[in-house]
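Take a look at the structure below.
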Amino acid sequence: MTGTFGAVTPGRWAMIAVAVALAAVFPLVYHDPYYMTIIVTGEIVLILNISWNFVLGMAGVWNFGQLAIYALGAYSSGWLMLHHSGVPVPLAILFGGLFSGVVSVLLAFPTLRLFGIYTSLLTFSFAQVIQYVAVNNPHGLTGGSFGFPEVPGLFPDLGQTAYLRAYYWVCAGVIIASCFAVAWLRQSHLGIALRSVRDAPAYTAARGVNPRAARVAAFGLSGFLAGIAGGLYLSFEQSFTTSQMGLTPMSLDVTMLVIGGLGTVSGPLIGTALLTVIQTKLINYPGWQLTVLGATLLVIVVFVPGGIVGLFGRIDRRVRGWVAEDADEAEPAPG
Amino acid sequence: MTDAVAILANGVVYGSIYGLVAIGMTLIYGTLRILDMSQGSMVMVGGYVGWWALATHGVNAVLALVAAFVFTFALGTATELVSVQPLIARRNEVDFELVTFITTFAVAIFLTNVALQHFGPFQQNVPTIVSGNLKLYHGVSISYHELTMAVISVVLMIGLGLFLARTRWGLAVRAVAQDLDAARSLAVPVTRLYPLTMGLASALAGVGGVFLGALYFASPTAGDLPLLFALIVVVLGGLGSLTGTLYAAYLVGMTQSFCEVEIGTTWTLPILYGAILAILVFRPYGLKGSPSEARL
Amino acid sequence: MSEAPSGGRRGMSRKSFLQGTAGAGAAGLVIGGGIGYGVGNSSGSSSSGSSGGGGGKKKGTLKIGSASPITGPYAGDGQQMIRGQELAIDELNEGGGVAGYQLELVKLDSKDQSPDVMKTVLQNLVSQNVAAVFMPFCSYTSVEFPIVAAKKVPTFHVNTWHGNVDWVAQHNATNIFEGDPSELSYGAGIVSVLGSLMDAKTWTPRNKTTYIVSSNDPYSLNIAKSYQSSITKLGWKVVGFDQFTVPQANWGGVLVKIRDANPDVIVFSDYAAGDEAAFIKQFAQNPTQSIVYQQYAPSIPQYLQLAGSAANGVIWSTVVGILQNDPIADPFNEKFTSKYGASAGFSNAGDQYDLMKIWAQAAGFAGDPYNFDKINAYIKATPYRGVCGAYSFNHTGLTCIPYPDDTPDPSIGMPHLTFQIQNGKQVAISPEPYTTGKFQLPPWLQ
Amino acid sequence: MTAALAVRGLVAGYDRSVVIDGLDLEVGDGATAVVIGPNGHGKTTLLRAVSGLIKPFRGEVELAGERIDGLAAEAIARKGIVHVMQGDGLFVEMTVEENLLMGAFPGGSWRGRRAALKRVYSELPAVEERKAHKARTLSGGERRLVGLGRGMMRPGRLLLIDEPSLGLAPVAIDAVYAVIRRLRSEASSAVVLIEENFTHVGGVADVVHILEAGRIVRSGPYAELAADRTVVETYLGSIAEVPS
């Protein structure tokens, strides 16, 4: 899968349309509140993962500050929801996205001089500072480790089923939009620039692409989406605690990305879905949730480097070979 | 004055322990270009070995330390074999550092949760190695346990330094850190050297764990804070620089000690991480480090 | 390589076949359906419906939900909680069950009780049609309360957080009971215990100074601040107020300051057993001339094991604690010890045991464990005497009334117990009639 | 008698690009073979494939009759191949003496290594003078000498030397070649030396092979090839000032 629009055949478009349609009608036929809650939470995590994967896959940067950026989106949109109740909630979420985008851009600048593990350490340190400052603010904006004070959310007047459905659709909309945006960006000037910066910095610079601007842009876009995810999370869960930035959610998200396949459009979709199912299945075996997580992460990184998407890619190449044979067979075969 | 003495004494104790944990991380980073996130787990495991030996089997302190050393050495070796060895072929790829960062982190998650299932959530009390206090100045005192811990840390760190400077295998470790191909062409068996290096580093952390267990107890998450501090130390020292790590360990210990007294315990970690952030922004490769050289 | 069947032209070439089905990126959007399918068939709703009918013999099993911390920072508390719940259930089952049902405890992990975890766990329990929910610790934002409030399923917590009680009062919830008083009683309680020591002349402060150490979460801070305001009203001076972030094992810096200040009283308002045990161990190396008060944590058996002899002399209190030398609590303690080979400690095993019994009594009275209105009304109206003393729920927030803080009547108030550790034993020193001994000066003050 | 080194049908390269393409080479016992060829035609790749630093795609490599292709570099080194790498491959943060000691890494006692050290110092007094300095602080010529000295630290069956003159000033080159000549006359091991041109290899080479586009295109004694004007001019610059 090349991931560019140019390669999307009519068959694929039809497939996408069917998938979107199925996803859209799904909550009309399914309404178990427990699983719907998990699915909506999974959708929000997916938005976060798409944002994370974007900066990772495009700029080749493991940004371990992404959860802090996500949290800042939640806190800043929550600040509007709580203290400026005149502002419509969707605008507050959008504000959270913008705020996170700006912070993410600011975070991008110091990473420009660094490479590899240093970038990760810088962003990790950033996340630690944000997390501790939030923890140390128990009676202030963040509510500390006990959580953000209750906010109204997007749909305060809906009943449970309708509430879940509404959030499901909103999140699905954001997911679809961001998937298309990412797919489009990949084959845009910026996307090509970013990937060539990652793979061959000198070549890119020679072609007149400014690698710094490209990376800053990737951070900004990724931060914006992460902030939106944070705002959605806060409005859906009506709370946000500092543990959302902790090591456990980070390990979970990293594993989702790695399992799906880093830097691909469909990787986060597959990884998030798969791990959400596994973690939910293991809810009755709490000790095993993280043990399995650690083992899975290790096995995938070591033995399936491209994640599931990469694995499918290899299978796909085999299948293409198979198709090619078919084309050969159309010719009168000798013998 | 009393404050100053107390800050100094605490700082030395903290610094010695961070040094012991961080120096292993530095050794591994210097040799293998891996930021080993499983070091914290080795502290945790060392604590449990100490508890098992001292509290439940009543063996003497030296044996307990040796047991922790041996066990974490083996565990570190095993960690390398599962989380790094299969990836060695990708050593020269750009993302090797990050991939192994993640695999060792995965090992850490795994070990923490295995400990949780095996030992349960409770903390366990590890007896002190030596009892009693040394009175320093106007009521400032330091326990002999902490003193022993500091001394053994320093001895182990000096020992590591001598090992690297004076022995055939020590030279080989440094050689591998600096030029892998040249070292291999001189018949250094890297496939054995890597697990041994990681075993050695883990064993240092494991010994640290026995001491820490007596101060802060053995528990499944006992390695988390030492890891967070060790990360600060290795970055501050410049990844891969042994001397830098040593300075940084004591600097971080002193800073922590100072923050706790003068600013507030709760601000220690954010201040230290803020400092790291500033250092990475303005002086990206730590106090002693430089970007492209191997430094062991 | 050429084994592929090659008989004639297929209706569809391999290529077009693939084009139709190859997953485009967005195919992952079936995620919703995928998860629904993946998880949806794992555990349906409870098989045991409320089939009504009078008190026949066996009606099958009844699911009771437990959302207790099995992993994470409170896992130590969680183990005690679950043991208390299970002990009660075992007794009830042996006695023939509740309203003809055998009980089955469905245990889910509430981890660090962050709001999202609590919501998920409660949704799960509610969807399993549990007859009651025991969530000893819940979130401090109460955002999960609507899930159980909507169903009116009897729900019990001991979160000791006034914010949760406020939520119940504001929303007129009828089914969310707090099995102990909220944390506000702690601060004034400490001051009154100190006052009684001074009145009895068993201890005299040198210069009326106190040092406060609190973790930076709102619960601990609220206790610290209410203590601060109560004691400063009596003319005391607060010579230090330290905040830390859990887990905190390094007390070196805090102790430097404490030793500088040499206060009359050190008050610790955090609740993590390991942190407090580490503190007292490090304090005991070179103690100051101070009374040391540590809130709640010493109630967990592990605290004594970790702190050892360093803990001798420490006083602590709990707004919910298992009574000692008490005709109701003693059999419980024995049973617990013989079943688990470990002490029940002083609070959470006992309160969970009591609350399970309270629910069972009400459900038995109602005759139908799904007649939630009747059960809730019964619990609210009926005081109960359990292993932790008297439970009677105040009528607005459905929280227990503390004795002696809010009522002088021990038969309706839950005793706010203060203990001192003496020679490795827990001795209740306040309030009467629950005491088992007298306060003694800590060894470092003698 | 088996050759010290025999390479047959070697195909090697990096990733998917083939650099050495079907190369055959034989070096007799105790002989010195010089491989000459333009940049980028596979000289260094050839040495790296022989010493195992890269795995050959195809073909055979024999060291004194024993197949070694496919073995790990450290195993091949233990079998007696000493590889003096291009750009010297010194451990820059280690002292000169530590670098030399690494040359005697496999086996050996401290005493044996001390003796080897003494021998190298007596051969290379310039190196001894700098023995306590970090390799990083040395001049290019000194580094090359240390590299050669490190190669002399243990007895080898086959010495591979990769472009010893690369990047050096003429004076330094002369010093380096003086050492190589001495080494060759004293030691019994076979040598494969790689250079870009004929300029310095006179008096060193028994046989010269010309490597182009991944294959040996011509072989012969030094005198023969050096006398062939077309060869010299086509491939390899001038030999005017080289004594023949």
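Every chain in the structure tokens has a letter given in the order shown (A, B, ...), and although residue numbers restart at 1 in each chain, ligands are simply numbered from 1 in the order shown.
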_DSSP-assigned helix (DSSP H, G or I) among segment 157-279 of chain A, expressed as a ChimeraX atom specification_ = /A:160-186,189-199,201-206,211-237,242-245,247-260,267-279
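Proximity to Ala187 of chain D at 12 Å, evaluated using only C-alpha atoms and with sequence-adjacent residues fewer than 3 positions away removed, yields Asp29, Gly30, Ala31, Thr32, Gly151, Met152, Met153, Arg154, Pro155, Gly156, Arg157, Leu158, Leu159, Val179, Ile180, Arg181, Arg182, Leu183, Arg184, Ala190 and Val191 of chain D.
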_Report, in Å to a single decimal, how far apart atom CA of Gln85 of chain C and atom CA of Met135 of chain C are._
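About the pair atom CA of Met135 of chain C and atom CA of Gln85 of chain C: they are 10.7 Å apart.
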*asked:* Using only C-alpha atoms, which protein or nucleic acid residues come within 9 Å of Gly199 of chain B? Drop anything in the same chain fewer than 4 positions from it, and give the result as a list in words.
replied: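 The residues satisfying every condition are Val70, Thr72, Phe73, Ala74, Leu75, Gly76, Thr77, Ala78, Thr79, Glu80, Tyr194, Pro195, Ala203 and Leu204 of chain B.
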_For Gly30 of chain B, the nearest of the candidates D:Arg111, D:Glu93, D:Leu168, D:Val208, counting only C-alpha atoms_ = D:Glu93
Using only C-alpha atoms, which chain A residues lie at most 7 Å away from chain C, written as a CSV table (one decimal) with N, CA, C and O atoms, in the first residue's frame?
chain,number,residue,atom,x,y,z
A,11,GLY,N,-11.8,0.3,-6.7
A,11,GLY,CA,-12.2,-0.8,-5.8
A,11,GLY,C,-12.0,-0.4,-4.4
A,11,GLY,O,-12.8,-0.6,-3.5
A,12,ARG,N,-10.8,0.3,-4.2
A,12,ARG,CA,-10.5,0.7,-2.8
A,12,ARG,C,-11.5,1.8,-2.3
A,12,ARG,O,-11.9,1.8,-1.2
A,15,MET,N,-14.4,0.2,-1.2
A,15,MET,CA,-14.2,-0.5,0.0
A,15,MET,C,-14.2,0.5,1.2
A,15,MET,O,-14.9,0.3,2.2
A,16,ILE,N,-13.6,1.7,1.0
A,16,ILE,CA,-13.6,2.7,2.0
A,16,ILE,C,-15.0,3.1,2.3
A,16,ILE,O,-15.4,3.3,3.5
A,19,ALA,N,-16.8,0.6,4.3
A,19,ALA,CA,-16.3,0.6,5.7
A,19,ALA,C,-16.9,1.8,6.5
A,19,ALA,O,-17.4,1.6,7.6
A,20,VAL,N,-16.9,3.0,5.8
A,20,VAL,CA,-17.4,4.2,6.5
A,20,VAL,C,-18.9,4.0,6.8
A,20,VAL,O,-19.3,4.3,7.9
A,22,LEU,N,-20.6,1.2,7.1
A,22,LEU,CA,-20.7,0.2,8.2
A,22,LEU,C,-20.5,0.9,9.5
A,22,LEU,O,-21.2,0.7,10.5
A,23,ALA,N,-19.4,1.6,9.6
A,23,ALA,CA,-19.0,2.2,10.9
A,23,ALA,C,-20.1,3.2,11.3
A,23,ALA,O,-20.4,3.3,12.5
A,26,PHE,N,-23.2,1.4,12.6
A,26,PHE,CA,-22.9,0.4,13.7
A,26,PHE,C,-23.7,0.7,15.0
A,26,PHE,O,-24.4,-0.1,15.6
A,33,PRO,N,-24.1,-0.3,26.6
A,33,PRO,CA,-23.4,0.9,27.0
A,33,PRO,C,-22.0,0.6,27.4
A,33,PRO,O,-21.1,1.5,27.2
A,34,TYR,N,-21.7,-0.5,28.0
A,34,TYR,CA,-20.4,-0.8,28.4
A,34,TYR,C,-19.4,-0.9,27.2
A,34,TYR,O,-18.4,-0.2,27.2
A,35,TYR,N,-19.8,-1.7,26.2
A,35,TYR,CA,-18.9,-1.8,25.1
A,35,TYR,C,-18.9,-0.5,24.2
A,35,TYR,O,-17.8,-0.2,23.7
A,37,THR,N,-19.0,2.4,25.5
A,37,THR,CA,-18.1,3.3,26.2
A,37,THR,C,-16.7,3.0,25.9
A,37,THR,O,-15.8,3.8,25.6
A,38,ILE,N,-16.4,1.7,25.8
A,38,ILE,CA,-15.0,1.2,25.5
A,38,ILE,C,-14.7,1.6,24.1
A,38,ILE,O,-13.6,2.1,23.8
A,39,ILE,N,-15.6,1.5,23.2
A,39,ILE,CA,-15.4,1.8,21.8
A,39,ILE,C,-15.1,3.3,21.6
A,39,ILE,O,-14.2,3.7,20.9
A,136,ASN,N,1.2,18.9,40.9
A,136,ASN,CA,1.4,19.8,42.0
A,136,ASN,C,0.4,20.9,42.0
A,136,ASN,O,0.5,21.9,42.8
A,138,PRO,N,-3.1,20.7,42.8
A,138,PRO,CA,-4.3,20.0,43.1
A,138,PRO,C,-5.5,20.9,43.3
A,138,PRO,O,-6.7,20.5,43.0
A,139,HIS,N,-5.4,22.1,43.8
A,139,HIS,CA,-6.5,22.9,44.0
A,139,HIS,C,-6.7,24.0,42.9
A,139,HIS,O,-7.5,24.9,43.0
A,144,GLY,N,-4.9,18.2,39.9
A,144,GLY,CA,-3.9,17.3,40.4
A,144,GLY,C,-4.2,15.9,40.0
A,144,GLY,O,-4.9,15.6,39.0
A,145,SER,N,-3.7,15.0,40.9
A,145,SER,CA,-3.9,13.6,40.6
A,145,SER,C,-5.3,13.1,40.7
A,145,SER,O,-5.7,12.0,40.3
A,146,PHE,N,-6.2,13.9,41.4
A,146,PHE,CA,-7.6,13.5,41.6
A,146,PHE,C,-8.4,13.8,40.4
A,146,PHE,O,-9.5,13.3,40.2
A,147,GLY,N,-7.9,14.7,39.5
A,147,GLY,CA,-8.7,14.9,38.2
A,147,GLY,C,-9.3,16.2,38.1
A,147,GLY,O,-9.6,16.9,39.1
A,149,PRO,N,-12.0,19.0,37.5
A,149,PRO,CA,-13.4,19.1,37.9
A,149,PRO,C,-14.4,18.8,36.8
A,149,PRO,O,-14.1,19.0,35.6
A,150,GLU,N,-15.5,18.3,37.2
A,150,GLU,CA,-16.5,17.9,36.2
A,150,GLU,C,-16.8,19.0,35.2
A,150,GLU,O,-17.1,20.1,35.6
A,237,GLU,N,-15.3,11.9,29.0
A,237,GLU,CA,-15.1,11.3,30.3
A,237,GLU,C,-15.5,12.3,31.4
A,237,GLU,O,-15.6,11.9,32.6
A,238,GLN,N,-15.6,13.5,31.0
A,238,GLN,CA,-15.9,14.6,32.0
A,238,GLN,C,-14.9,14.8,33.0
A,238,GLN,O,-15.2,15.3,34.1
A,239,SER,N,-13.7,14.3,32.8
A,239,SER,CA,-12.7,14.4,33.8
A,239,SER,C,-11.3,14.1,33.1
A,239,SER,O,-11.3,13.6,32.0
A,241,THR,N,-7.3,13.0,34.5
A,241,THR,CA,-6.3,12.9,35.6
A,241,THR,C,-4.9,12.9,35.1
A,241,THR,O,-4.7,12.5,34.0
A,265,VAL,N,-0.8,4.7,7.4
A,265,VAL,CA,-2.1,5.3,7.6
A,265,VAL,C,-3.0,4.3,8.4
A,265,VAL,O,-3.6,4.7,9.4
A,266,SER,N,-2.9,3.0,8.1
A,266,SER,CA,-3.8,2.1,8.7
A,266,SER,C,-3.2,1.4,10.0
A,266,SER,O,-4.0,0.8,10.7
A,269,LEU,N,-5.0,2.4,13.2
A,269,LEU,CA,-6.3,1.8,13.2
A,269,LEU,C,-6.3,0.4,13.7
A,269,LEU,O,-7.0,0.0,14.6
A,270,ILE,N,-5.4,-0.4,13.1
A,270,ILE,CA,-5.3,-1.8,13.4
A,270,ILE,C,-4.8,-2.0,14.8
A,270,ILE,O,-5.4,-2.8,15.6
A,273,ALA,N,-7.3,-0.9,17.5
A,273,ALA,CA,-8.5,-1.8,17.6
A,273,ALA,C,-8.0,-3.2,18.3
A,273,ALA,O,-8.7,-3.6,19.2
A,277,VAL,N,-9.2,-4.6,22.1
A,277,VAL,CA,-9.9,-5.8,22.2
A,277,VAL,C,-9.2,-6.7,23.3
A,277,VAL,O,-9.8,-7.2,24.2
A,280,THR,N,-9.5,-5.4,26.8
A,280,THR,CA,-10.8,-5.6,27.3
A,280,THR,C,-11.1,-7.0,27.6
A,280,THR,O,-11.7,-7.3,28.7
A,281,LYS,N,-10.6,-7.9,26.8
A,281,LYS,CA,-10.7,-9.3,27.1
A,281,LYS,C,-10.0,-9.7,28.4
A,281,LYS,O,-10.5,-10.6,29.1
A,283,ILE,N,-9.8,-8.0,31.1
A,283,ILE,CA,-10.2,-7.2,32.2
A,283,ILE,C,-10.4,-8.0,33.5
A,283,ILE,O,-10.3,-7.5,34.6
A,284,ASN,N,-10.7,-9.3,33.3
A,284,ASN,CA,-10.9,-10.1,34.5
A,284,ASN,C,-9.6,-10.7,34.9
A,284,ASN,O,-9.6,-11.5,35.9
A,286,PRO,N,-6.5,-8.8,35.8
A,286,PRO,CA,-5.8,-7.6,35.8
A,286,PRO,C,-4.3,-7.7,35.8
A,286,PRO,O,-3.6,-6.9,35.2
A,287,GLY,N,-3.8,-8.6,36.5
A,287,GLY,CA,-2.3,-8.7,36.6
A,287,GLY,C,-1.7,-9.0,35.2
A,287,GLY,O,-0.6,-8.6,34.9
A,323,VAL,N,-0.7,-12.4,-8.5
A,323,VAL,CA,-1.5,-11.7,-9.5
A,323,VAL,C,-0.7,-11.6,-10.8
A,323,VAL,O,-1.3,-11.8,-11.9
A,326,ASP,N,-1.0,-14.6,-12.7
A,326,ASP,CA,-2.3,-14.6,-13.4
A,326,ASP,C,-2.2,-14.0,-14.7
A,326,ASP,O,-2.7,-14.5,-15.7
_Exercise: segment 373-377 of chain C partners within 10 Å, only C-alpha atoms, chain neighbours under 6 positions left out, as a PyMOL selection string_ = chain C and resi 152-155+174-177+358-367
Same residues, all heavy atoms, saved as a compact mmCIF listing (two decimals), in the first residue's frame:
# COMPACT_ATOMS: atom_id res chain seq x y z
N LYS C 152 -29.91 2.83 40.12
CA LYS C 152 -30.27 2.74 41.55
C LYS C 152 -29.73 1.50 42.22
O LYS C 152 -30.22 1.08 43.28
CB LYS C 152 -31.79 2.82 41.73
CG LYS C 152 -32.33 4.16 41.28
CD LYS C 152 -33.72 4.41 41.80
CE LYS C 152 -34.15 5.83 41.49
NZ LYS C 152 -35.57 6.03 41.68
N VAL C 153 -28.74 0.88 41.62
CA VAL C 153 -28.18 -0.32 42.23
C VAL C 153 -27.44 0.10 43.51
O VAL C 153 -26.68 1.07 43.52
CB VAL C 153 -27.25 -1.05 41.24
CG1 VAL C 153 -26.23 -0.11 40.64
CG2 VAL C 153 -26.55 -2.21 41.91
N PRO C 154 -27.67 -0.59 44.64
CA PRO C 154 -27.02 -0.21 45.89
C PRO C 154 -25.50 -0.23 45.72
O PRO C 154 -24.93 -1.22 45.26
CB PRO C 154 -27.45 -1.29 46.87
CG PRO C 154 -28.69 -1.86 46.29
CD PRO C 154 -28.58 -1.74 44.81
N THR C 155 -24.87 0.89 46.06
CA THR C 155 -23.44 1.06 45.81
C THR C 155 -22.77 1.57 47.08
O THR C 155 -23.31 2.46 47.74
CB THR C 155 -23.24 2.07 44.66
OG1 THR C 155 -23.89 1.55 43.50
CG2 THR C 155 -21.77 2.27 44.35
N THR C 174 -30.08 8.08 45.82
CA THR C 174 -30.61 7.29 46.94
C THR C 174 -29.81 6.02 47.18
O THR C 174 -30.11 5.25 48.08
CB THR C 174 -32.05 6.87 46.62
OG1 THR C 174 -32.03 6.11 45.40
CG2 THR C 174 -32.96 8.07 46.47
N ASN C 175 -28.81 5.78 46.35
CA ASN C 175 -28.21 4.44 46.39
C ASN C 175 -26.70 4.41 46.56
O ASN C 175 -26.10 3.36 46.51
CB ASN C 175 -28.56 3.70 45.09
CG ASN C 175 -27.98 4.39 43.88
OD1 ASN C 175 -27.95 5.61 43.79
ND2 ASN C 175 -27.47 3.60 42.95
N ILE C 176 -26.04 5.59 46.73
CA ILE C 176 -24.59 5.58 46.84
C ILE C 176 -24.21 5.92 48.28
O ILE C 176 -24.33 7.07 48.70
CB ILE C 176 -23.95 6.55 45.85
CG1 ILE C 176 -24.41 6.19 44.42
CG2 ILE C 176 -22.43 6.50 45.95
CD1 ILE C 176 -23.97 7.16 43.37
N PHE C 177 -23.78 4.90 49.00
CA PHE C 177 -23.52 5.05 50.43
C PHE C 177 -22.03 5.14 50.69
O PHE C 177 -21.24 4.35 50.15
CB PHE C 177 -24.09 3.86 51.20
CG PHE C 177 -25.57 3.71 51.02
CD1 PHE C 177 -26.09 2.90 50.03
CD2 PHE C 177 -26.45 4.41 51.86
CE1 PHE C 177 -27.46 2.76 49.86
CE2 PHE C 177 -27.82 4.28 51.69
CZ PHE C 177 -28.34 3.45 50.70
N ILE C 358 -24.49 -5.36 55.53
CA ILE C 358 -25.57 -4.36 55.54
C ILE C 358 -26.44 -4.53 54.31
O ILE C 358 -27.67 -4.55 54.37
CB ILE C 358 -24.97 -2.92 55.57
CG1 ILE C 358 -24.37 -2.66 56.95
CG2 ILE C 358 -26.02 -1.88 55.21
CD1 ILE C 358 -23.60 -1.35 57.03
N TRP C 359 -25.79 -4.69 53.17
CA TRP C 359 -26.57 -4.89 51.94
C TRP C 359 -27.41 -6.17 52.03
O TRP C 359 -28.59 -6.19 51.67
CB TRP C 359 -25.63 -4.98 50.73
CG TRP C 359 -26.36 -5.48 49.52
CD1 TRP C 359 -27.16 -4.75 48.71
CD2 TRP C 359 -26.43 -6.84 49.07
NE1 TRP C 359 -27.74 -5.55 47.76
CE2 TRP C 359 -27.30 -6.84 47.96
CE3 TRP C 359 -25.85 -8.04 49.50
CZ2 TRP C 359 -27.60 -8.02 47.26
CZ3 TRP C 359 -26.14 -9.20 48.80
CH2 TRP C 359 -27.01 -9.19 47.70
N ALA C 360 -26.75 -7.26 52.52
CA ALA C 360 -27.44 -8.55 52.56
C ALA C 360 -28.67 -8.46 53.46
O ALA C 360 -29.74 -9.00 53.13
CB ALA C 360 -26.49 -9.64 53.06
N GLN C 361 -28.52 -7.76 54.58
CA GLN C 361 -29.66 -7.61 55.50
C GLN C 361 -30.82 -6.91 54.78
O GLN C 361 -31.97 -7.34 54.84
CB GLN C 361 -29.19 -6.78 56.69
CG GLN C 361 -30.08 -6.86 57.89
CD GLN C 361 -29.53 -6.00 59.03
OE1 GLN C 361 -29.09 -4.87 58.82
NE2 GLN C 361 -29.52 -6.53 60.22
N ALA C 362 -30.45 -5.83 54.07
CA ALA C 362 -31.49 -5.07 53.38
C ALA C 362 -32.11 -5.87 52.26
O ALA C 362 -33.34 -5.87 52.07
CB ALA C 362 -30.89 -3.77 52.83
N ALA C 363 -31.27 -6.59 51.51
CA ALA C 363 -31.80 -7.38 50.40
C ALA C 363 -32.69 -8.50 50.92
O ALA C 363 -33.73 -8.82 50.31
CB ALA C 363 -30.65 -7.95 49.57
N GLY C 364 -32.29 -9.08 52.04
CA GLY C 364 -33.12 -10.12 52.65
C GLY C 364 -34.46 -9.55 53.09
O GLY C 364 -35.52 -10.15 52.89
N PHE C 365 -34.40 -8.35 53.64
CA PHE C 365 -35.63 -7.70 54.09
C PHE C 365 -36.54 -7.44 52.90
O PHE C 365 -37.74 -7.68 52.94
CB PHE C 365 -35.27 -6.39 54.80
CG PHE C 365 -36.44 -5.48 55.02
CD1 PHE C 365 -37.32 -5.71 56.08
CD2 PHE C 365 -36.68 -4.40 54.16
CE1 PHE C 365 -38.39 -4.87 56.27
CE2 PHE C 365 -37.76 -3.57 54.35
CZ PHE C 365 -38.63 -3.80 55.42
N ALA C 366 -35.94 -6.96 51.80
CA ALA C 366 -36.75 -6.64 50.63
C ALA C 366 -37.27 -7.92 49.97
O ALA C 366 -38.29 -7.89 49.28
CB ALA C 366 -35.92 -5.84 49.62
N GLY C 367 -36.59 -9.03 50.16
CA GLY C 367 -37.04 -10.29 49.60
C GLY C 367 -36.61 -10.46 48.16
O GLY C 367 -36.51 -11.57 47.66
Quick one: contact table of chain A to chain B, 6 Å max, nearest atom pair and distance in Å to one decimal per residue, counting only C-alpha atoms, chain and number order, as a tab-separated table?
residue	atom	partner	partner_atom	distance
A:Pro110	CA	B:Val281	CA	5.3
A:Leu122	CA	B:Leu277	CA	5.8
A:Ser125	CA	B:Tyr273	CA	5.4
A:Val129	CA	B:Pro270	CA	4.9
A:Tyr132	CA	B:Pro270	CA	5.8
A:Thr291	CA	B:Phe110	CA	4.8
A:Gly294	CA	B:Ala106	CA	4.5
A:Leu297	CA	B:Ala106	CA	6.0
A:Leu298	CA	B:Thr103	CA	5.2
Please produce, as a tab-separated table, a per-residue contact table for chain C versus chain B (criterion: any atom at most 10 Å away, only C-alpha atoms considered), showing the nearest atom pair and its distance in Å to one decimal, sorted by chain then residue number.
residue	atom	partner	partner_atom	distance
C:Ile70	CA	B:Pro121	CA	8.1
C:Thr71	CA	B:Pro121	CA	6.9
C:Gly72	CA	B:Pro121	CA	7.8
C:Pro73	CA	B:Pro121	CA	8.1
C:Tyr74	CA	B:Pro121	CA	8.2
C:Ala75	CA	B:Pro121	CA	5.5
C:Gly76	CA	B:Phe122	CA	5.4
C:Asp77	CA	B:Phe122	CA	9.1
C:Gly78	CA	B:Pro121	CA	9.2
C:Gln79	CA	B:Pro121	CA	8.5
C:Ser215	CA	B:Thr266	CA	8.3
C:Asn216	CA	B:Thr266	CA	7.6
C:Phe241	CA	B:Gly264	CA	9.3
C:Asp242	CA	B:Gly264	CA	6.5
C:Gln243	CA	B:Thr266	CA	5.7
C:Phe244	CA	B:Thr266	CA	4.1
C:Thr245	CA	B:Thr266	CA	5.3
C:Val246	CA	B:Thr266	CA	8.9
C:Pro247	CA	B:Leu225	CA	8.5
C:Gln248	CA	B:Tyr216	CA	8.7
C:Ala249	CA	B:Tyr216	CA	5.3
C:Asn250	CA	B:Tyr216	CA	7.4
C:Trp251	CA	B:Glu260	CA	8.6
C:Gly252	CA	B:Asn10	CA	6.3
C:Gly253	CA	B:Glu260	CA	4.7
C:Val254	CA	B:Val261	CA	6.3
C:Leu255	CA	B:Val261	CA	8.6
C:Val256	CA	B:Ala6	CA	6.5
C:Lys257	CA	B:Val261	CA	6.3
C:Ile258	CA	B:Val261	CA	9.8
C:Arg259	CA	B:Gly139	CA	8.1
C:Asp260	CA	B:Asp3	CA	7.9
C:Ala273	CA	B:Gln123	CA	8.8
C:Gly274	CA	B:Gln123	CA	6.7
C:Asp275	CA	B:Tyr216	CA	8.0
C:Ala277	CA	B:Tyr216	CA	8.9
C:Ala278	CA	B:Tyr216	CA	6.0
C:Phe279	CA	B:Tyr216	CA	9.2
C:Lys281	CA	B:Leu215	CA	8.2
C:Gln282	CA	B:Leu215	CA	7.9
C:Gln285	CA	B:Asn133	CA	7.1
C:Asn286	CA	B:Ser141	CA	7.4
C:Pro287	CA	B:Gly139	CA	9.8
C:Thr288	CA	B:Gly139	CA	9.8
C:Gln302	CA	B:Phe122	CA	7.2
C:Tyr303	CA	B:Gln123	CA	9.1
C:Gln305	CA	B:Asn125	CA	7.2
C:Leu306	CA	B:Asn125	CA	5.0
C:Ala307	CA	B:Asn125	CA	8.0
C:Gly308	CA	B:Asn125	CA	8.9
